[in-house]
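Student: Here it is, the structure, as structure tokens.
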Amino acid sequence: MSYTKEQIANLVDGKLDWETTFRMLSMPKDQGRFAKYLAALQARVNYADKIVLPLSLHMNIVQRAGDKRWVIKCDCGHEFCDHNENWKLHAAIYVRDTEEAMTDVYPKLMAPDTQWQVYREYYCPKCGTMHDVEAPTPWYPVIHDFEPDIEAFYRDWVNLPVPERA
Ligand SMILES: [Zn+2]
């Protein structure tokens with residue numbers, strides 16, 4: 001089974017659910033497909049660093065051009081942190097913890113009780129793109145997203161050499 005240019009474009013646009021994305025990228029082992037996906041992502045950014053793995057729609061783990069460190073980068077070029085750090089702690093955070101702030105997001109009576117649930121939005125401090133939203137209880141610590149096992153992904157799923165890392 002092969003995928004059309006349009007399907008690859010949808011994938012890059014984030015129009016496919018994660019299950020379809022994962023299936024497209026990993027089954028069967030196909031070096032070409034993941035390489036094409038990375039190339040399409042790379043074509044959309046202006047920085048020279050090589051994309052290693054997309055983390056969300058406008059955020060990637062990249063191999064920094066100069067020293068080959070793996071860092072987390074916004075599409076605008078803003079660098080958040082090292083790839084194994086929690087980028088959310090380096091983001092601009094907006095917390096909706098009042099009824100007024102919640103009604104921007106929810107219809108009035110549907111809004112959660114802010115004693116029990118708040119809304120945390122994580123933005124790029126440079127370009128303002130929203131990269132993630134959490135709806136935790138107010139006392140819940142900032143959630144660290146999954147740390148992808150990049151070596152295993154390259155080796156076992158897409159059968160490509162792992163990019164160099166400093
Ligand atoms: Zn940005």
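How things are named: the first chain in the structure tokens is A, the next is B, and so on; residues count from 1 in each chain; ligands count from 1 in the order shown.
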Within 12 Å of ligand 1 (counting only C-alpha atoms and all ligand atoms), which residues show up? I'd like them as a list in words.
Tutor: Val45, Asn46, Tyr47, Leu57, His58, Met59, Asn60, Ile72, Lys73, Cys74, Asp75, Cys76, Gly77, His78, Glu79, Phe80, His90, Ala91, Ala92, Tyr122, Tyr123, Cys124, Pro125, Lys126, Cys127, Gly128, Thr129, Met130 and His131 of chain A
Student: Mind writing the picked residues with N, CA, C and O atoms as a short mmCIF file (atom, residue, chain, number, x, y, z; two decimals), in the first residue's frame?
Tutor:
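See selection.cif below for the written result:
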data_model
loop_
_atom_site.label_atom_id
_atom_site.label_comp_id
_atom_site.auth_asym_id
_atom_site.auth_seq_id
_atom_site.Cartn_x
_atom_site.Cartn_y
_atom_site.Cartn_z
N VAL A 45 9.54 24.78 7.34
CA VAL A 45 10.21 25.62 8.33
C VAL A 45 11.37 26.35 7.68
O VAL A 45 11.89 25.93 6.65
N ASN A 46 11.76 27.46 8.32
CA ASN A 46 12.83 28.27 7.73
C ASN A 46 14.19 28.03 8.37
O ASN A 46 15.17 28.58 7.95
N TYR A 47 14.21 27.19 9.40
CA TYR A 47 15.50 26.97 10.04
C TYR A 47 16.27 25.83 9.36
O TYR A 47 15.70 25.01 8.64
N LEU A 57 1.91 19.76 16.17
CA LEU A 57 1.70 20.32 14.84
C LEU A 57 2.77 21.34 14.43
O LEU A 57 3.21 21.36 13.29
N HIS A 58 3.19 22.18 15.35
CA HIS A 58 4.17 23.22 15.00
C HIS A 58 5.40 23.18 15.89
O HIS A 58 6.00 24.19 16.21
N MET A 59 5.76 21.98 16.31
CA MET A 59 6.89 21.84 17.21
C MET A 59 7.62 20.53 16.92
O MET A 59 6.97 19.50 16.74
N ASN A 60 8.93 20.61 16.82
CA ASN A 60 9.71 19.42 16.46
C ASN A 60 10.93 19.27 17.36
O ASN A 60 11.46 20.25 17.87
N ILE A 72 14.25 21.07 21.29
CA ILE A 72 12.84 21.22 20.90
C ILE A 72 12.64 22.62 20.34
O ILE A 72 13.01 23.62 20.98
N LYS A 73 12.07 22.69 19.15
CA LYS A 73 12.00 23.95 18.44
C LYS A 73 10.60 24.20 17.88
O LYS A 73 9.96 23.30 17.35
N CYS A 74 10.15 25.45 17.98
CA CYS A 74 8.90 25.89 17.36
C CYS A 74 9.16 26.13 15.87
O CYS A 74 10.29 26.43 15.47
N ASP A 75 8.11 26.05 15.06
CA ASP A 75 8.24 26.32 13.63
C ASP A 75 8.85 27.70 13.35
O ASP A 75 9.48 27.91 12.33
N CYS A 76 8.62 28.65 14.26
CA CYS A 76 9.12 30.00 14.04
C CYS A 76 10.63 30.10 14.28
O CYS A 76 11.24 31.13 14.02
N GLY A 77 11.22 29.02 14.81
CA GLY A 77 12.65 29.03 15.05
C GLY A 77 13.01 29.16 16.52
O GLY A 77 14.16 28.97 16.91
N HIS A 78 12.01 29.49 17.36
CA HIS A 78 12.29 29.63 18.79
C HIS A 78 12.67 28.27 19.37
O HIS A 78 12.00 27.27 19.15
N GLU A 79 13.77 28.28 20.15
CA GLU A 79 14.22 27.04 20.77
C GLU A 79 13.74 26.98 22.21
O GLU A 79 14.00 27.89 22.98
N PHE A 80 13.03 25.92 22.57
CA PHE A 80 12.52 25.80 23.93
C PHE A 80 13.56 25.26 24.89
O PHE A 80 13.85 25.88 25.91
N HIS A 90 9.23 26.00 29.70
CA HIS A 90 9.90 27.08 28.97
C HIS A 90 8.91 27.84 28.09
O HIS A 90 9.29 28.69 27.30
N ALA A 91 7.63 27.49 28.19
CA ALA A 91 6.62 28.12 27.35
C ALA A 91 6.00 29.30 28.08
O ALA A 91 6.18 29.46 29.28
N ALA A 92 5.29 30.15 27.34
CA ALA A 92 4.45 31.17 27.96
C ALA A 92 3.16 30.46 28.34
O ALA A 92 2.53 29.81 27.51
N TYR A 122 -0.37 26.53 26.67
CA TYR A 122 1.07 26.71 26.51
C TYR A 122 1.38 27.33 25.16
O TYR A 122 1.04 26.75 24.13
N TYR A 123 2.01 28.49 25.21
CA TYR A 123 2.28 29.24 23.97
C TYR A 123 3.77 29.39 23.73
O TYR A 123 4.57 29.41 24.67
N CYS A 124 4.13 29.54 22.44
CA CYS A 124 5.50 29.92 22.11
C CYS A 124 5.70 31.36 22.54
O CYS A 124 4.91 32.23 22.15
N PRO A 125 6.74 31.65 23.33
CA PRO A 125 6.96 33.03 23.77
C PRO A 125 7.34 33.97 22.63
O PRO A 125 7.24 35.18 22.76
N LYS A 126 7.79 33.42 21.52
CA LYS A 126 8.22 34.28 20.41
C LYS A 126 7.08 34.58 19.43
O LYS A 126 6.81 35.74 19.12
N CYS A 127 6.40 33.53 18.92
CA CYS A 127 5.41 33.76 17.87
C CYS A 127 3.97 33.63 18.36
O CYS A 127 3.03 33.97 17.64
N GLY A 128 3.77 33.12 19.58
CA GLY A 128 2.42 33.06 20.14
C GLY A 128 1.59 31.86 19.70
O GLY A 128 0.41 31.78 20.04
N THR A 129 2.18 30.94 18.98
CA THR A 129 1.44 29.72 18.61
C THR A 129 1.11 28.91 19.87
O THR A 129 1.98 28.72 20.72
N MET A 130 -0.15 28.46 19.98
CA MET A 130 -0.51 27.60 21.11
C MET A 130 -0.09 26.17 20.78
O MET A 130 -0.52 25.62 19.79
N HIS A 131 0.74 25.60 21.65
CA HIS A 131 1.26 24.26 21.37
C HIS A 131 0.53 23.17 22.13
O HIS A 131 0.57 22.01 21.72
#
Student: Please provide the set of residues having any atom within 8 Å of Glu121 in chain A, restricted to only C-alpha atoms, with same-chain residues fewer than 3 positions apart removed, written as a ChimeraX atom specification.
Tutor: /A:93-95,130-134
